[in-house]
file my_file.csv (CSV, C-alpha atoms)
chain,number,residue,atom,x,y,z
G,27,MET,CA,-0.2,31.9,-0.9
G,28,LYS,CA,2.9,30.0,0.1
G,29,LYS,CA,1.0,26.8,0.3
G,30,LEU,CA,-0.7,27.4,-3.0
G,31,LEU,CA,2.7,27.9,-4.7
G,32,GLN,CA,4.0,24.7,-3.1
G,33,ILE,CA,1.0,22.8,-4.5
G,34,ILE,CA,1.6,24.3,-8.0
G,35,PHE,CA,5.3,23.4,-7.8
G,36,LEU,CA,4.4,19.8,-6.9
G,37,VAL,CA,2.0,19.5,-9.9
G,38,ILE,CA,4.7,20.8,-12.2
G,39,ILE,CA,7.1,18.2,-11.0
G,40,VAL,CA,4.6,15.4,-11.6
G,41,GLN,CA,3.9,16.7,-15.1
G,42,GLY,CA,7.6,16.9,-15.8
G,43,LEU,CA,8.1,13.3,-14.7
G,44,SER,CA,5.3,12.2,-17.1
G,45,PHE,CA,7.5,12.7,-20.1
G,46,SER,CA,9.6,9.7,-19.3
G,47,GLN,CA,8.8,6.7,-21.7
G,48,VAL,CA,10.7,4.0,-19.8
G,49,THR,CA,8.3,2.2,-17.4
G,50,LYS,CA,10.8,-0.2,-15.7
G,51,THR,CA,7.9,-2.6,-15.1
G,52,GLY,CA,8.9,-5.5,-12.9
G,53,THR,CA,12.2,-4.0,-11.7
G,54,THR,CA,11.5,-3.3,-8.0
G,55,ALA,CA,11.6,-5.4,-4.9
G,56,ALA,CA,8.9,-5.7,-2.2
G,57,LYS,CA,6.2,-5.3,-4.8
G,58,PHE,CA,3.6,-6.3,-2.1
G,59,LEU,CA,3.9,-2.7,-0.9
G,60,SER,CA,1.9,-1.7,-3.9
G,61,VAL,CA,-1.1,-3.9,-3.0
G,62,GLY,CA,-3.9,-1.6,-1.8
G,63,ILE,CA,-4.8,-1.9,1.9
G,64,GLY,CA,-8.3,-1.7,3.3
G,65,ALA,CA,-11.6,-2.9,1.8
G,66,ARG,CA,-13.1,0.6,1.9
G,67,ALA,CA,-10.2,2.2,0.0
G,68,ASN,CA,-9.9,-0.7,-2.4
G,69,ALA,CA,-13.6,-0.5,-3.2
G,70,MET,CA,-13.1,3.2,-4.1
G,71,GLY,CA,-10.5,2.3,-6.7
G,72,GLY,CA,-7.6,3.2,-4.5
G,73,ALA,CA,-8.5,6.9,-4.8
G,74,PHE,CA,-8.1,7.5,-1.1
G,75,THR,CA,-5.0,9.6,-0.4
G,76,SER,CA,-7.1,12.8,0.1
G,77,VAL,CA,-9.9,11.0,2.0
G,78,ALA,CA,-7.7,8.9,4.4
G,79,ASN,CA,-10.0,9.3,7.4
G,80,ASP,CA,-9.7,5.9,9.0
G,81,ALA,CA,-6.9,3.6,10.2
G,82,SER,CA,-6.0,2.6,6.7
G,83,ALA,CA,-4.6,6.1,6.4
G,84,LEU,CA,-1.4,4.6,7.8
G,85,TYR,CA,-1.0,3.0,4.4
G,86,TRP,CA,-2.6,5.5,2.0
G,87,ASN,CA,-1.5,8.8,3.6
G,88,PRO,CA,-0.3,9.1,7.2
G,89,ALA,CA,-1.3,12.8,7.2
G,90,GLY,CA,-4.9,11.6,7.5
G,91,VAL,CA,-4.2,10.1,10.9
G,92,ALA,CA,-4.0,13.7,12.3
G,93,SER,CA,-7.8,14.1,11.9
G,94,LEU,CA,-8.7,11.0,13.9
G,95,ASN,CA,-10.0,11.8,17.4
G,96,ASP,CA,-10.8,8.2,18.5
G,97,PHE,CA,-8.7,5.1,19.2
G,98,GLU,CA,-9.0,3.0,16.1
G,99,ALA,CA,-8.0,-0.6,15.4
G,100,MET,CA,-8.3,-2.2,12.0
G,101,PHE,CA,-7.8,-5.7,10.6
G,102,THR,CA,-8.1,-6.5,6.9
G,103,TYR,CA,-7.8,-9.7,5.0
G,104,THR,CA,-7.3,-9.7,1.2
G,105,SER,CA,-7.4,-12.9,-0.9
G,106,LEU,CA,-5.3,-12.1,-4.0
G,107,TYR,CA,-6.5,-13.6,-7.3
G,108,LYS,CA,-8.8,-16.6,-7.4
G,109,ASP,CA,-7.5,-20.0,-6.3
G,110,LEU,CA,-3.8,-18.9,-6.0
G,111,ASP,CA,-3.7,-19.1,-2.1
G,112,ILE,CA,-2.0,-15.7,-1.8
G,113,ASN,CA,-3.2,-13.6,1.1
G,114,VAL,CA,-2.4,-10.2,2.5
G,115,ASN,CA,-3.2,-9.4,6.2
G,116,TYR,CA,-3.0,-6.0,7.7
G,117,VAL,CA,-3.3,-4.8,11.3
G,118,ALA,CA,-3.2,-1.1,12.3
G,119,VAL,CA,-3.8,0.8,15.5
G,120,VAL,CA,-4.1,4.6,15.8
G,121,LEU,CA,-3.5,6.4,19.1
G,122,PRO,CA,-4.8,10.0,19.4
G,123,MET,CA,-2.6,12.2,21.6
G,124,GLY,CA,-4.3,15.5,21.3
G,125,GLU,CA,-2.2,18.5,20.6
G,126,THR,CA,1.0,16.4,20.6
G,127,GLY,CA,-0.2,14.7,17.5
G,128,ASN,CA,-1.4,11.2,16.7
G,129,PHE,CA,0.6,8.0,16.5
G,130,GLY,CA,0.0,4.7,14.6
G,131,VAL,CA,1.5,1.3,14.2
G,132,SER,CA,0.8,-1.1,11.4
G,133,VAL,CA,1.9,-4.6,10.2
G,134,THR,CA,1.4,-5.9,6.6
G,135,ALA,CA,2.0,-9.6,5.9
G,136,LEU,CA,1.9,-11.3,2.6
G,137,ASP,CA,1.7,-15.1,2.7
G,138,PHE,CA,2.2,-17.4,-0.3
G,139,GLY,CA,1.6,-20.6,1.7
G,140,GLU,CA,3.7,-23.8,1.5
G,141,MET,CA,5.1,-25.0,-1.8
G,142,ASN,CA,7.0,-28.1,-3.0
G,143,VAL,CA,10.8,-28.1,-3.5
G,144,THR,CA,11.5,-29.1,-7.1
G,145,THR,CA,14.7,-29.9,-8.9
G,146,GLU,CA,15.7,-31.0,-12.4
G,147,LEU,CA,15.7,-34.7,-11.2
G,148,TYR,CA,12.5,-34.3,-9.2
G,149,PRO,CA,10.2,-31.9,-11.1
G,150,GLU,CA,7.2,-33.1,-9.2
G,151,GLY,CA,8.8,-32.4,-5.9
G,152,THR,CA,11.5,-33.9,-3.5
G,153,GLY,CA,9.1,-34.3,-0.6
G,154,GLU,CA,10.5,-31.2,1.1
G,155,LYS,CA,8.4,-28.0,1.5
G,156,PHE,CA,9.3,-24.3,1.6
G,157,SER,CA,7.5,-21.1,2.1
G,158,ALA,CA,7.8,-17.4,1.1
G,159,SER,CA,6.5,-14.3,2.8
G,160,SER,CA,6.8,-10.5,2.9
G,161,TYR,CA,6.4,-8.2,5.9
G,162,ALA,CA,6.3,-4.4,6.5
G,163,PHE,CA,6.3,-3.0,10.0
G,164,GLY,CA,5.3,0.7,10.2
G,165,LEU,CA,5.5,3.4,12.8
G,166,SER,CA,3.6,6.6,12.0
G,167,TYR,CA,3.2,10.1,13.3
G,168,ALA,CA,0.8,12.8,12.1
G,169,ARG,CA,-0.1,16.3,13.3
G,170,ASN,CA,-2.3,19.2,12.3
G,171,ILE,CA,0.0,22.1,11.3
G,172,THR,CA,-2.9,24.4,11.0
G,173,ASP,CA,-6.7,24.0,11.0
G,174,ASP,CA,-6.6,23.2,7.3
G,175,PHE,CA,-3.2,21.6,6.8
G,176,SER,CA,-1.9,18.3,8.2
G,177,ALA,CA,1.3,16.3,7.6
G,178,GLY,CA,2.4,12.8,8.5
G,179,ILE,CA,5.3,10.4,8.2
G,180,THR,CA,5.7,6.6,8.4
G,181,VAL,CA,8.9,4.7,8.8
G,182,LYS,CA,8.8,1.1,7.7
G,183,TYR,CA,11.0,-1.9,8.2
G,184,ILE,CA,10.6,-4.3,5.2
G,185,LEU,CA,11.4,-8.0,5.2
G,186,GLU,CA,11.1,-10.6,2.4
G,187,ASP,CA,12.1,-14.2,2.8
G,188,ILE,CA,12.0,-17.3,0.7
G,189,PHE,CA,13.2,-20.7,2.0
G,190,ASN,CA,16.6,-19.9,3.7
G,191,SER,CA,17.2,-16.5,2.1
G,192,SER,CA,15.9,-13.1,2.8
G,193,ALA,CA,16.2,-9.4,2.0
G,194,SER,CA,15.4,-6.3,4.2
G,195,GLY,CA,15.2,-2.6,3.9
G,196,VAL,CA,13.9,0.6,5.5
G,197,ALA,CA,11.5,3.1,3.8
G,198,PHE,CA,9.6,6.3,4.5
G,199,ASP,CA,6.2,7.6,3.6
G,200,ILE,CA,5.7,11.4,3.8
G,201,GLY,CA,2.3,12.9,3.1
G,202,THR,CA,0.2,16.0,3.4
G,203,ILE,CA,-3.5,16.9,3.2
G,204,PHE,CA,-4.7,20.4,2.6
G,205,ARG,CA,-8.4,21.3,3.1
G,206,THR,CA,-8.6,24.0,0.5
G,207,PRO,CA,-11.0,27.0,0.7
G,208,PHE,CA,-12.1,26.1,-2.9
G,209,LEU,CA,-15.5,24.5,-2.6
G,210,GLY,CA,-14.4,22.3,0.3
G,211,ILE,CA,-12.0,20.3,-1.9
G,212,ASN,CA,-9.3,18.3,-0.2
G,213,PHE,CA,-5.9,18.1,-1.8
G,214,SER,CA,-3.3,15.5,-0.9
G,215,SER,CA,0.3,14.7,-1.8
G,216,ILE,CA,2.4,11.8,-0.7
G,217,ILE,CA,5.6,10.0,-1.6
G,218,THR,CA,5.7,6.3,-0.5
G,219,ASN,CA,8.5,3.8,-0.1
G,220,TYR,CA,11.4,6.2,-0.3
G,221,GLY,CA,14.3,4.2,1.1
G,222,SER,CA,17.1,1.8,0.8
G,223,LYS,CA,17.5,-0.8,-2.0
G,224,MET,CA,17.0,-4.5,-1.1
G,225,GLN,CA,19.4,-7.4,-1.8
G,226,ILE,CA,18.7,-11.0,-1.1
G,227,THR,CA,21.2,-13.0,0.9
G,228,GLY,CA,21.2,-16.3,2.7
G,229,GLU,CA,22.2,-19.9,2.9
G,230,ASP,CA,20.5,-20.8,-0.3
G,231,LEU,CA,23.1,-18.8,-2.1
G,232,LEU,CA,26.0,-20.8,-0.6
G,233,ILE,CA,28.1,-22.7,-3.1
G,234,ARG,CA,31.4,-24.6,-3.2
G,235,TYR,CA,33.8,-22.7,-5.5
G,236,ASP,CA,37.2,-23.5,-7.1
G,237,ALA,CA,39.0,-20.2,-7.5
G,238,ASP,CA,41.4,-21.7,-10.0
G,239,PRO,CA,40.1,-24.8,-11.8
G,240,ASN,CA,43.2,-25.1,-13.9
G,241,ARG,CA,45.5,-25.4,-10.9
G,242,GLN,CA,46.1,-28.7,-9.0
G,243,GLY,CA,46.6,-28.8,-5.3
G,244,ASN,CA,44.6,-25.7,-4.4
G,245,ASN,CA,41.4,-25.7,-2.3
G,246,GLN,CA,38.7,-26.8,-4.7
G,247,THR,CA,35.8,-26.5,-2.3
G,248,THR,CA,36.0,-22.9,-1.0
G,249,ASP,CA,32.8,-21.7,0.6
G,250,ALA,CA,31.4,-18.8,-1.4
G,251,TYR,CA,28.1,-17.0,-1.9
G,252,TYR,CA,26.4,-15.8,-5.1
G,253,LYS,CA,26.2,-12.1,-5.2
G,254,THR,CA,22.8,-10.8,-6.1
G,255,ASP,CA,21.7,-7.4,-7.5
G,256,LYS,CA,20.2,-4.7,-5.4
G,257,PHE,CA,16.7,-3.5,-6.3
G,258,GLU,CA,14.9,-0.3,-5.6
G,259,LEU,CA,11.6,-0.2,-3.6
G,260,PRO,CA,8.4,0.6,-5.5
G,261,LEU,CA,8.6,4.4,-5.0
G,262,ARG,CA,5.5,6.3,-5.9
G,263,LEU,CA,4.6,10.0,-6.0
G,264,GLN,CA,0.8,10.5,-5.7
G,265,ILE,CA,-1.5,13.5,-5.5
G,266,GLY,CA,-5.3,13.4,-4.9
G,267,LEU,CA,-8.4,15.4,-4.8
G,268,SER,CA,-11.7,14.7,-3.1
G,269,LYS,CA,-14.9,16.4,-2.1
G,270,ASP,CA,-17.9,15.5,0.1
G,271,PHE,CA,-21.5,16.3,-1.1
G,272,GLN,CA,-24.2,16.4,1.6
G,273,PHE,CA,-27.8,16.0,0.4
G,274,LEU,CA,-31.2,15.1,1.7
G,275,ASN,CA,-31.1,13.9,5.3
G,276,GLU,CA,-28.0,12.2,6.7
G,277,GLN,CA,-26.7,11.2,3.3
G,278,ARG,CA,-23.3,11.8,1.8
G,279,LEU,CA,-21.5,11.4,-1.5
G,280,THR,CA,-17.7,11.4,-1.7
G,281,ILE,CA,-16.0,11.7,-5.0
G,282,ALA,CA,-12.2,11.2,-5.2
G,283,VAL,CA,-9.4,11.0,-7.8
G,284,ASP,CA,-5.7,10.2,-7.4
G,285,ALA,CA,-2.9,10.6,-9.9
G,286,ALA,CA,0.2,8.5,-9.4
G,287,HIS,CA,3.7,8.4,-10.8
G,288,PRO,CA,5.4,5.1,-9.9
G,289,ASN,CA,9.1,4.3,-10.5
G,290,ASP,CA,8.2,0.9,-12.0
G,291,ASN,CA,5.4,1.8,-14.4
G,292,SER,CA,3.7,4.6,-16.3
G,293,GLU,CA,1.5,7.3,-14.8
G,294,TYR,CA,-2.1,6.4,-14.1
G,295,LEU,CA,-5.3,7.6,-12.5
G,296,ASN,CA,-7.6,6.0,-9.8
G,297,ILE,CA,-11.1,7.3,-9.4
G,298,GLY,CA,-13.7,6.3,-6.8
G,299,GLY,CA,-16.8,7.3,-4.9
G,300,GLU,CA,-18.7,6.4,-1.7
G,301,LEU,CA,-22.4,6.9,-1.1
G,302,SER,CA,-23.4,6.7,2.6
G,303,PHE,CA,-27.0,6.5,4.0
G,304,LEU,CA,-28.5,6.9,7.4
G,305,ASN,CA,-25.7,8.9,9.0
G,306,ASN,CA,-23.0,6.6,7.6
G,307,LEU,CA,-24.7,3.4,8.7
G,308,VAL,CA,-24.6,1.9,5.2
G,309,SER,CA,-22.2,2.7,2.5
G,310,LEU,CA,-22.0,1.7,-1.2
G,311,ARG,CA,-18.7,2.2,-3.1
G,312,GLY,CA,-17.3,1.9,-6.5
G,313,GLY,CA,-14.2,2.9,-8.6
G,314,TYR,CA,-11.8,2.2,-11.3
G,315,LYS,CA,-8.0,1.6,-11.0
G,316,GLY,CA,-5.3,2.2,-13.6
G,317,LEU,CA,-7.0,4.7,-15.9
G,318,LEU,CA,-4.7,5.9,-18.8
G,319,LEU,CA,-2.2,3.0,-18.0
G,320,ASP,CA,-1.0,1.0,-21.0
G,321,ASP,CA,-1.7,-2.7,-20.7
G,322,ASN,CA,-3.7,-2.1,-17.5
G,323,GLN,CA,-4.5,-5.3,-15.7
G,324,GLU,CA,-6.8,-3.8,-13.1
G,325,GLY,CA,-10.1,-2.2,-13.5
G,326,LEU,CA,-13.5,-2.0,-11.8
G,327,THR,CA,-13.8,-2.0,-8.1
G,328,LEU,CA,-17.0,-2.4,-6.0
G,329,GLY,CA,-17.8,-2.7,-2.3
G,330,ALA,CA,-20.1,-2.0,0.6
G,331,GLY,CA,-19.8,-1.2,4.3
G,332,LEU,CA,-21.8,-1.2,7.5
G,333,HIS,CA,-20.8,1.1,10.3
G,334,TYR,CA,-22.7,0.9,13.6
G,335,VAL,CA,-22.3,3.3,16.6
G,336,LEU,CA,-23.3,2.4,20.1
G,337,GLY,CA,-22.5,5.2,22.5
G,338,VAL,CA,-18.8,5.8,22.5
G,339,PHE,CA,-18.1,2.5,20.8
G,340,ALA,CA,-18.3,1.9,17.0
G,341,VAL,CA,-17.7,-1.1,14.8
G,342,GLY,CA,-17.5,-1.2,11.0
G,343,PHE,CA,-17.5,-4.1,8.5
G,344,ASP,CA,-16.3,-3.5,4.9
G,345,TYR,CA,-16.0,-5.7,1.7
G,346,SER,CA,-14.5,-5.0,-1.7
G,347,TYR,CA,-14.3,-6.8,-5.0
G,348,GLN,CA,-11.8,-6.0,-7.7
G,349,GLU,CA,-11.5,-7.3,-11.3
G,350,PHE,CA,-8.2,-8.3,-13.0
G,351,GLU,CA,-7.9,-9.0,-16.7
G,352,PHE,CA,-6.0,-12.2,-16.5
G,353,LEU,CA,-5.8,-13.1,-12.8
G,354,ASP,CA,-9.6,-13.2,-12.2
G,355,TYR,CA,-10.7,-11.2,-9.1
G,356,THR,CA,-9.7,-10.2,-5.6
G,357,HIS,CA,-11.8,-10.1,-2.4
G,358,SER,CA,-11.0,-7.9,0.6
G,359,PHE,CA,-12.6,-7.9,4.0
G,360,GLY,CA,-12.1,-5.4,6.8
G,361,VAL,CA,-13.1,-4.8,10.4
G,362,ILE,CA,-12.6,-1.5,12.2
G,363,LEU,CA,-13.2,-0.7,15.9
G,364,LYS,CA,-13.4,2.8,17.4
G,365,PHE,CA,-13.8,4.1,20.9
call {"tool": "encode", "arguments": {"input": "my_file.csv", "output": "structure tokens"}}
result
Amino acid sequence: MKKLLQIIFLVIIVQGLSFSQVTKTGTTAAKFLSVGIGARANAMGGAFTSVANDASALYWNPAGVASLNDFEAMFTYTSLYKDLDINVNYVAVVLPMGETGNFGVSVTALDFGEMNVTTELYPEGTGEKFSASSYAFGLSYARNITDDFSAGITVKYILEDIFNSSASGVAFDIGTIFRTPFLGINFSSIITNYGSKMQITGEDLLIRYDADPNRQGNNQTTDAYYKTDKFELPLRLQIGLSKDFQFLNEQRLTIAVDAAHPNDNSEYLNIGGELSFLNNLVSLRGGYKGLLLDDNQEGLTLGAGLHYVLGVFAVGFDYSYQEFEFLDYTHSFGVILKF
């Protein structure tokens, strides 16, 4: 009963937050943290917080790591938007430790590639190059509190840099999964990117400053730095529901839905499904992202996966495709190893 009351209280909080009309779109730092990780989860429309049963749980909901009994390593590559040369790479490792709980480490890297330095006098480029990138390094821990309830936490160090300047911060993800007695439905709740604000600093902000231009004889070339604003991380509260349906012989259908309340946009829903054949050998997936969101730029997601088991060793290959209204499409590829 106590757990049920906690769930109801969380739902009330989410509903209360939904009355806010200010979206604050584009006001957060480290927006790459909102890019979905894992071809399987992306193909299911990002409705994955209550499923979270592979190494990508380190991103979607660390509580899901508690249910993993095998060593898992995952690598994913996502090409964001056609012809823009923006890539997201993700590496994760899960270490099961029995009754002690499970641990995981993950690295997310967003790479923009090299770009030309341009100025007012050289709009086509000065001949110099610069680059920009974003990183998140995560350490996770998850444990089964009871047979039906698990909890997990991730602490992340976040770093963004551009040319000779950078910003950094620390954030936490805290999630739970409750395997309810109601028709075998899983219920999840998670808060992501709760942490410090980020402020960019560096040599690119260095200027020569005259503290009193109306006075003669003072130091007219004092070294100073531009002071930049601090920006919040893309905080998000998310709850999810999912259910597995077993039918025929060695076939499974998973249906999932997630409701999200971000601090830099309006509330929205993600829905998705996964149909697996031949004891999870082949999977077909589909979903839709950003339902009920005004001016939604995302939409249909599709994908497929192949998961092969050979004794104690298993390998999986996943692919996802996602449509965007103005930025064309995104491809994601993933490889997962278990033993």
call {"tool": "residues_around", "arguments": {"input": "my_file.csv", "residues": "segment 53-69 of chain G", "least_positions_apart": "4", "cutoff": "7 Å", "atoms": "all atoms listed in the file", "output": "MDAnalysis selection string"}}
result
chainID G and resid 73:74 82 85 102 224 257:260 290 311:313 327:329 344:347 358:360
call {"tool": "atom_distance", "arguments": {"input": "my_file.csv", "atom1": "atom CA of Leu185 of chain G", "atom2": "atom CA of Asn115 of chain G"}}
result
14.7 Å
call {"tool": "residues_around", "arguments": {"input": "my_file.csv", "residues": "Val91 of chain G", "least_positions_apart": "6", "cutoff": "7 Å", "atoms": "all atoms listed in the file", "output": "PDB file with C-alpha atoms, in the frame of the given file"}}
result
ATOM      1  CA  ASN G  79     -10.000   9.300   7.400  1.00  0.00           C
ATOM      2  CA  ALA G  83      -4.600   6.100   6.400  1.00  0.00           C
ATOM      3  CA  LEU G  84      -1.400   4.600   7.800  1.00  0.00           C
ATOM      4  CA  ASN G 128      -1.400  11.200  16.700  1.00  0.00           C
ATOM      5  CA  ALA G 168       0.800  12.800  12.100  1.00  0.00           C
TER       6      ALA G 168
END
call {"tool": "atom_distance", "arguments": {"input": "my_file.csv", "atom1": "atom CA of Thr51 of chain G", "atom2": "atom CA of Thr104 of chain G"}}
result
23.4 Å
call {"tool": "closest_residue", "arguments": {"input": "my_file.csv", "among": "G:Gly151, G:Leu336, G:Val117, G:Ala250", "to": "Ala237 of chain G", "atoms": "all atoms listed in the file"}}
result
G:Ala250
call {"tool": "closest_residue", "arguments": {"input": "my_file.csv", "among": "G:Asp173, G:Glu150, G:Asp80, G:Asp230", "to": "Phe189 of chain G", "atoms": "all atoms listed in the file"}}
result
G:Asp230
call {"tool": "closest_residue", "arguments": {"input": "my_file.csv", "among": "G:Phe343, G:Tyr107, G:Tyr148, G:Tyr183", "to": "Thr134 of chain G", "atoms": "all atoms listed in the file"}}
result
G:Tyr183
call {"tool": "closest_residue", "arguments": {"input": "my_file.csv", "among": "G:His287, G:Lys182, G:Arg241, G:Lys315", "to": "Ser222 of chain G", "atoms": "only C-alpha atoms"}}
result
G:Lys182
call {"tool": "closest_residue", "arguments": {"input": "my_file.csv", "among": "G:Thr254, G:Ser191, G:Asn306, G:Ser93", "to": "Ile203 of chain G", "atoms": "all atoms listed in the file"}}
result
G:Ser93
call {"tool": "residues_near_point", "arguments": {"input": "my_file.csv", "point": "(2.5, -9.1, 6.5)", "cutoff": "7 Å", "atoms": "only C-alpha atoms", "output": "list of chain:residue names"}}
result
G:Val114, G:Asn115, G:Tyr116, G:Val133, G:Thr134, G:Ala135, G:Leu136, G:Ser160, G:Tyr161, G:Ala162
call {"tool": "closest_residue", "arguments": {"input": "my_file.csv", "among": "G:Phe129, G:Phe352, G:Phe101, G:Tyr235", "to": "Gly325 of chain G", "atoms": "only C-alpha atoms"}}
result
G:Phe352
call {"tool": "atom_distance", "arguments": {"input": "my_file.csv", "atom1": "atom CA of Gly299 of chain G", "atom2": "atom CA of Phe350 of chain G"}}
result
19.6 Å
call {"tool": "residues_around", "arguments": {"input": "my_file.csv", "residues": "segment 206-208 of chain G", "least_positions_apart": "2", "cutoff": "12 Å", "atoms": "only C-alpha atoms", "output": "list in words"}}
result
Met27, Lys29, Leu30, Ile33, Ser76, Thr172, Asp173, Asp174, Phe175, Ser176, Ile203, Phe204, Gly210, Ile211, Asn212, Phe213, Ser214, Leu267, Ser268 and Lys269 of chain G
call {"tool": "residues_around", "arguments": {"input": "my_file.csv", "residues": "Arg278 of chain G", "least_positions_apart": "2", "cutoff": "12 Å", "atoms": "all atoms listed in the file", "output": "NGL selection string"}}
result
:G and (269-276 or 280-281 or 299-311)
call {"tool": "residues_around", "arguments": {"input": "my_file.csv", "residues": "Val120 of chain G", "least_positions_apart": "5", "cutoff": "7 Å", "atoms": "all atoms listed in the file", "output": "JSON, numbers by chain"}}
result
{"G": [81, 97, 98, 99, 129, 130, 131]}
call {"tool": "residues_near_point", "arguments": {"input": "my_file.csv", "point": "(-10.2, 6.4, -10.0)", "cutoff": "7 Å", "atoms": "all atoms listed in the file", "output": "list in words"}}
result
Gly71, Gly72, Ala73, Val283, Asp284, Leu295, Asn296, Ile297, Gly298, Gly313, Tyr314, Lys315 and Leu317 of chain G
call {"tool": "build_atoms", "arguments": {"input": "my_file.csv", "residues": "segment 347-364 of chain G", "atoms": "N, CA and C atoms", "output": "CSV table (one decimal), in the coordinates of the input"}}
result
chain,number,residue,atom,x,y,z
G,347,TYR,N,-14.5,-5.8,-3.9
G,347,TYR,CA,-14.3,-6.8,-5.0
G,347,TYR,C,-13.6,-6.0,-6.1
G,348,GLN,N,-12.5,-6.6,-6.7
G,348,GLN,CA,-11.8,-6.0,-7.7
G,348,GLN,C,-11.5,-7.0,-8.9
G,349,GLU,N,-11.7,-6.5,-10.1
G,349,GLU,CA,-11.5,-7.3,-11.3
G,349,GLU,C,-10.1,-7.2,-11.7
G,350,PHE,N,-9.5,-8.3,-12.3
G,350,PHE,CA,-8.2,-8.3,-13.0
G,350,PHE,C,-8.4,-9.0,-14.3
G,351,GLU,N,-7.7,-8.5,-15.4
G,351,GLU,CA,-7.9,-9.0,-16.7
G,351,GLU,C,-7.6,-10.5,-16.8
G,352,PHE,N,-6.4,-10.9,-16.3
G,352,PHE,CA,-6.0,-12.2,-16.5
G,352,PHE,C,-5.9,-13.1,-15.2
G,353,LEU,N,-5.9,-12.4,-14.0
G,353,LEU,CA,-5.8,-13.1,-12.8
G,353,LEU,C,-7.2,-13.1,-12.0
G,354,ASP,N,-8.2,-13.0,-12.8
G,354,ASP,CA,-9.6,-13.2,-12.2
G,354,ASP,C,-9.9,-12.0,-11.2
G,355,TYR,N,-10.2,-12.3,-10.0
G,355,TYR,CA,-10.7,-11.2,-9.1
G,355,TYR,C,-10.0,-11.4,-7.7
G,356,THR,N,-10.2,-10.3,-6.9
G,356,THR,CA,-9.7,-10.2,-5.6
G,356,THR,C,-10.8,-9.8,-4.6
G,357,HIS,N,-10.8,-10.5,-3.5
G,357,HIS,CA,-11.8,-10.1,-2.4
G,357,HIS,C,-11.0,-9.5,-1.2
G,358,SER,N,-11.6,-8.5,-0.6
G,358,SER,CA,-11.0,-7.9,0.6
G,358,SER,C,-12.1,-7.7,1.7
G,359,PHE,N,-11.7,-8.1,2.9
G,359,PHE,CA,-12.6,-7.9,4.0
G,359,PHE,C,-11.9,-7.1,5.1
G,360,GLY,N,-12.7,-6.2,5.8
G,360,GLY,CA,-12.1,-5.4,6.8
G,360,GLY,C,-13.0,-5.2,8.0
G,361,VAL,N,-12.4,-5.1,9.2
G,361,VAL,CA,-13.1,-4.8,10.4
G,361,VAL,C,-12.4,-3.7,11.1
G,362,ILE,N,-13.2,-2.7,11.6
G,362,ILE,CA,-12.6,-1.5,12.2
G,362,ILE,C,-13.3,-1.3,13.5
G,363,LEU,N,-12.6,-1.0,14.6
G,363,LEU,CA,-13.2,-0.7,15.9
G,363,LEU,C,-12.7,0.7,16.3
G,364,LYS,N,-13.7,1.5,16.9
G,364,LYS,CA,-13.4,2.8,17.4
G,364,LYS,C,-14.0,3.0,18.8
